[in-house]
Amino acid sequence: RTVYLNGEFLPFDQARVPVMDRGFLFADGIYEVSAVLDGRLVDNAAHLARLDRSLGEIGIRNPHSAAEWERLETELVVKNGLSEGLVYMQVTRGVAERDFAFPAGDTPPTVVMFTQAKSILANPLAETGARVVTVEDLRWKRRDIKSVALLAQVLAKQAAAAAGVAEAWMVEDGAITEGSSSTAFVVTGDRRLVTRPLSTALLPGITRAAVMRLAAEADLRVEERLIPVTEAYAATEAFYTSASAFVMPVVSIDGRTIGEGRPGPLTRRLRELYLGMARHS
Ligand code: PMP
């Protein structure tokens, strides 16, 4: 596998990041993940726009234009012969003697990219539906920034793994914020698609935005508001979205069966619509 590191394409085991990298010491960095389908990047312009915004919010200079990013990503996809999977991008504030405040302005950011082969379309979980558990949302107050500081999400996902389920939905003040690595949606009996409004409390999901654009085609009305956990338990359908899961049906939350315990028809329709969009992006 070839990885990209600071301007070079290298074999995986030759790519090295120094111990003093601020990503390693402080989680002082930003990441982004785009899906690849049929060798092509899905909705990549939106991911690169979010990367640029996240970097701006923490004062790291974006080392590349969107066009340069896309060219580098594409080159990596080609070098790795990736037809389906993910491209991971990370930018940290670079390497400097350990000190909390920013290093000198001429410190170059560390830029890393790698690919992961993964079946996104033929995901068996999408057929059976995923189970989720809720956990307390332990994160900081700027969750709109896609920071590499992911300890709370690591613990949330581990709680899911320990419970034998696929995802953890994080809860704050009785309402779902989002999944540990996904956006949470529920569908109500009157064909309303409910998801939390954007704020600093959650990441603005790129897949979320695409699904909201597609909702009308599934004859669903979008409602952006808080989702109390008790309401989620009673939803007719539920699902989560991310670049790597696309639209993933949820069939149980904290052991309570959602709908018929199978992926719901509106969720399946949204997944199909999203796949159609993704294939043509
Ligand atoms: N929320 C969180 C906390 C995430 O980590 C992710 C995955 N990056 C998402 C939502 C989904 O975002 P996207 O659809 O852009 O992958």
# chains A, B, ... in the order shown; residues from 1 in each chain; ligands from 1

call {"tool": "residues_around", "arguments": {"residues": "region 150-166 of chain A", "least_positions_apart": "6", "cutoff": "8 Å", "atoms": "only C-alpha atoms", "output": "list in words"}}
result
Ala130, Arg131, Val132, Val133, Val135, Asp137, Leu138, Arg139, Ser180 and Ser181 of chain A

call {"tool": "write_last_selection", "arguments": {"atoms": "C-alpha atoms", "output": "short mmCIF file (atom, residue, chain, number, x, y, z; two decimals), in the first residue's frame"}}
result
data_model
loop_
_atom_site.label_atom_id
_atom_site.label_comp_id
_atom_site.auth_asym_id
_atom_site.auth_seq_id
_atom_site.Cartn_x
_atom_site.Cartn_y
_atom_site.Cartn_z
CA ALA A 130 -27.59 -2.28 12.55
CA ARG A 131 -28.23 -2.30 16.28
CA VAL A 132 -27.11 0.72 18.30
CA VAL A 133 -26.74 1.58 21.96
CA VAL A 135 -23.98 6.45 25.54
CA ASP A 137 -21.80 12.35 24.89
CA LEU A 138 -18.51 13.12 26.62
CA ARG A 139 -17.03 15.40 23.94
CA SER A 180 -19.78 8.07 17.32
CA SER A 181 -18.88 8.26 13.62
#

call {"tool": "residues_around", "arguments": {"residues": "Gly59 (chain A)", "least_positions_apart": "2", "cutoff": "12 Å", "atoms": "only C-alpha atoms", "output": "MDAnalysis selection string"}}
result
chainID A and resid 28:30 52:57 61:63 91:93 101:103 105 109 145

call {"tool": "closest_residue", "arguments": {"among": "A:Arg142, A:Pro228, A:Pro204, A:Ser281", "to": "Val171 (chain A)", "atoms": "only C-alpha atoms"}}
result
A:Pro228

call {"tool": "select_by_dssp", "arguments": {"residues": "region 45-236 of chain A", "states": "strand (DSSP E)", "output": "compact mmCIF listing (two decimals) with C-alpha atoms, in the first residue's frame"}}
result
# COMPACT_ATOMS: atom_id res chain seq x y z
CA GLY A 85 -13.21 2.05 0.02
CA LEU A 86 -12.04 5.20 1.74
CA VAL A 87 -9.46 7.93 1.42
CA TYR A 88 -8.30 9.26 4.80
CA MET A 89 -6.69 12.72 4.96
CA GLN A 90 -5.07 14.31 8.00
CA VAL A 91 -3.41 17.67 8.57
CA THR A 92 -1.70 18.49 11.87
CA THR A 110 2.05 17.49 8.51
CA VAL A 111 -0.07 16.09 5.70
CA VAL A 112 -0.95 12.39 5.58
CA MET A 113 -3.23 10.44 3.28
CA PHE A 114 -3.92 6.74 3.05
CA THR A 115 -6.55 4.53 1.49
CA GLN A 116 -8.55 1.64 2.95
CA ALA A 117 -10.22 -0.97 0.77
CA ALA A 130 -27.59 -2.28 12.55
CA ARG A 131 -28.23 -2.30 16.28
CA VAL A 132 -27.11 0.72 18.30
CA VAL A 133 -26.74 1.58 21.96
CA THR A 134 -26.85 5.04 23.49
CA VAL A 135 -23.98 6.45 25.54
CA GLU A 136 -23.40 9.78 27.21
CA GLU A 167 -22.69 1.93 16.56
CA ALA A 168 -23.16 4.12 19.63
CA TRP A 169 -25.50 7.09 19.54
CA MET A 170 -24.31 9.82 21.88
CA VAL A 171 -26.78 11.59 24.14
CA GLU A 172 -26.70 14.99 25.77
CA ALA A 175 -31.43 14.09 23.20
CA ILE A 176 -29.28 12.32 20.61
CA THR A 177 -26.42 14.43 19.32
CA GLU A 178 -25.07 11.99 16.70
CA GLY A 179 -23.40 8.62 16.28
CA THR A 183 -25.27 11.23 11.89
CA ALA A 184 -28.48 9.95 13.51
CA PHE A 185 -31.89 10.08 11.81
CA VAL A 186 -35.35 8.82 12.75
CA VAL A 187 -38.48 8.55 10.63
CA ARG A 192 -41.12 13.02 8.56
CA LEU A 193 -37.38 12.61 8.51
CA VAL A 194 -36.02 13.97 11.76
CA THR A 195 -32.40 14.90 12.46
CA ARG A 221 -40.46 15.97 4.85
CA VAL A 222 -37.30 16.97 6.69
CA GLU A 223 -37.60 18.23 10.25
CA GLU A 224 -34.45 19.53 11.95
CA ILE A 227 -34.45 13.85 18.99
CA PRO A 228 -35.20 12.77 22.58

call {"tool": "closest_residue", "arguments": {"among": "A:Val3, A:Ala201, A:Val19, A:Ala209", "to": "Ala96 (chain A)", "atoms": "only C-alpha atoms"}}
result
A:Val19

call {"tool": "closest_atom_pairs", "arguments": {"of": "chain A", "to": "ligand 1", "cutoff": "7 Å", "atoms": "only C-alpha atoms and all ligand atoms", "output": "CSV"}}
result
residue,atom,partner,partner_atom_place_in_ligand_line,distance
A:Glu32,CA,ligand 1,8 (N),6.9
A:Val33,CA,ligand 1,8 (N),6.5
A:His47,CA,ligand 1,15 (O),6.7
A:Glu178,CA,ligand 1,1 (N),5.8
A:Gly179,CA,ligand 1,1 (N),5.8
A:Ser180,CA,ligand 1,3 (C),5.0
A:Ser181,CA,ligand 1,5 (O),3.4
A:Ser182,CA,ligand 1,9 (C),3.6
A:Thr183,CA,ligand 1,10 (C),4.4
A:Leu202,CA,ligand 1,1 (N),6.5
A:Leu203,CA,ligand 1,1 (N),4.9
A:Pro204,CA,ligand 1,12 (O),6.6
A:Gly205,CA,ligand 1,12 (O),3.6
A:Ile206,CA,ligand 1,15 (O),3.7
A:Thr207,CA,ligand 1,14 (O),3.6
A:Arg208,CA,ligand 1,14 (O),5.5
A:Thr241,CA,ligand 1,14 (O),5.6
A:Ser242,CA,ligand 1,14 (O),3.4
A:Ala243,CA,ligand 1,16 (O),3.7
A:Ser244,CA,ligand 1,16 (O),6.5

call {"tool": "residues_around", "arguments": {"residues": "Ala245 (chain A)", "least_positions_apart": "4", "cutoff": "9 Å", "atoms": "only C-alpha atoms", "output": "PyMOL selection string"}}
result
chain A and resi 120-121+123+126+182+240-241

call {"tool": "residues_around", "arguments": {"residues": "Pro249 (chain A)", "least_positions_apart": "5", "cutoff": "9 Å", "atoms": "only C-alpha atoms", "output": "tab-separated table (two decimals) with C-alpha atoms, in the first residue's frame"}}
result
chain	number	residue	atom	x	y	z
A	125	LEU	CA	-25.12	-4.95	7.83
A	126	ALA	CA	-27.18	-2.84	5.44
A	127	GLU	CA	-29.30	-5.92	4.66
A	128	THR	CA	-29.97	-6.97	8.26
A	129	GLY	CA	-29.86	-3.49	9.77
A	130	ALA	CA	-27.59	-2.28	12.55
A	131	ARG	CA	-28.23	-2.30	16.28
A	237	GLU	CA	-37.65	3.73	11.25
A	238	ALA	CA	-34.17	4.88	12.13
A	239	PHE	CA	-30.83	5.01	10.37
A	240	TYR	CA	-27.42	6.63	10.47
A	241	THR	CA	-25.30	8.14	7.74
A	262	ARG	CA	-35.92	-4.99	9.72
A	263	PRO	CA	-34.63	-2.12	7.58
A	264	GLY	CA	-37.63	0.09	6.93
A	267	THR	CA	-34.68	3.96	4.82
A	268	ARG	CA	-34.11	1.45	2.02
A	271	ARG	CA	-30.14	4.25	0.65

call {"tool": "atom_distance", "arguments": {"atom1": "CA of Phe26 (chain A)", "atom2": "CA of Pro197 (chain A)"}}
result
29.6 Å

call {"tool": "select_by_dssp", "arguments": {"residues": "region 112-217 of chain A", "states": "helix (DSSP H, G or I)", "output": "list of chain:residue names"}}
result
A:Pro124, A:Leu125, A:Ala126, A:Glu127, A:Thr128, A:Leu151, A:Ala152, A:Gln153, A:Val154, A:Leu155, A:Ala156, A:Lys157, A:Gln158, A:Ala159, A:Ala160, A:Ala161, A:Ala162, A:Ile206, A:Thr207, A:Arg208, A:Ala209, A:Ala210, A:Val211, A:Met212, A:Arg213, A:Leu214, A:Ala215, A:Ala216, A:Glu217

call {"tool": "write_last_selection", "arguments": {"atoms": "C-alpha atoms", "output": "PDB file, in the first residue's frame"}}
result
ATOM      1  CA  PRO A 124     -24.205  -7.255   4.939  1.00  0.00           C
ATOM      2  CA  LEU A 125     -25.123  -4.952   7.828  1.00  0.00           C
ATOM      3  CA  ALA A 126     -27.183  -2.837   5.437  1.00  0.00           C
ATOM      4  CA  GLU A 127     -29.299  -5.923   4.663  1.00  0.00           C
ATOM      5  CA  THR A 128     -29.969  -6.972   8.255  1.00  0.00           C
ATOM      6  CA  LEU A 151     -11.095   9.758  22.553  1.00  0.00           C
ATOM      7  CA  ALA A 152     -14.788  10.155  23.443  1.00  0.00           C
ATOM      8  CA  GLN A 153     -15.743   8.518  20.133  1.00  0.00           C
ATOM      9  CA  VAL A 154     -13.224   5.717  20.731  1.00  0.00           C
ATOM     10  CA  LEU A 155     -14.847   5.017  24.103  1.00  0.00           C
ATOM     11  CA  ALA A 156     -18.346   5.262  22.614  1.00  0.00           C
ATOM     12  CA  LYS A 157     -17.511   2.839  19.791  1.00  0.00           C
ATOM     13  CA  GLN A 158     -15.892   0.477  22.277  1.00  0.00           C
ATOM     14  CA  ALA A 159     -19.071   0.529  24.377  1.00  0.00           C
ATOM     15  CA  ALA A 160     -20.945  -0.457  21.214  1.00  0.00           C
ATOM     16  CA  ALA A 161     -18.434  -3.221  20.475  1.00  0.00           C
ATOM     17  CA  ALA A 162     -18.694  -4.502  24.064  1.00  0.00           C
ATOM     18  CA  ILE A 206     -21.668  15.474   4.330  1.00  0.00           C
ATOM     19  CA  THR A 207     -23.843  12.376   3.890  1.00  0.00           C
ATOM     20  CA  ARG A 208     -26.465  14.022   6.130  1.00  0.00           C
ATOM     21  CA  ALA A 209     -26.675  16.969   3.730  1.00  0.00           C
ATOM     22  CA  ALA A 210     -26.971  14.679   0.700  1.00  0.00           C
ATOM     23  CA  VAL A 211     -29.714  12.579   2.335  1.00  0.00           C
ATOM     24  CA  MET A 212     -31.648  15.720   3.271  1.00  0.00           C
ATOM     25  CA  ARG A 213     -31.500  16.850  -0.362  1.00  0.00           C
ATOM     26  CA  LEU A 214     -32.806  13.430  -1.455  1.00  0.00           C
ATOM     27  CA  ALA A 215     -35.621  13.226   1.116  1.00  0.00           C
ATOM     28  CA  ALA A 216     -38.215  14.879  -1.114  1.00  0.00           C
ATOM     29  CA  GLU A 217     -37.681  12.156  -3.729  1.00  0.00           C
TER      30      GLU A 217
END

call {"tool": "atom_distance", "arguments": {"atom1": "CA of Trp140 (chain A)", "atom2": "CA of Ala235 (chain A)"}}
result
28.4 Å

call {"tool": "closest_residue", "arguments": {"among": "A:Ala278, A:Thr236, A:Val77, A:Leu51", "to": "Glu260 (chain A)", "atoms": "only C-alpha atoms"}}
result
A:Thr236
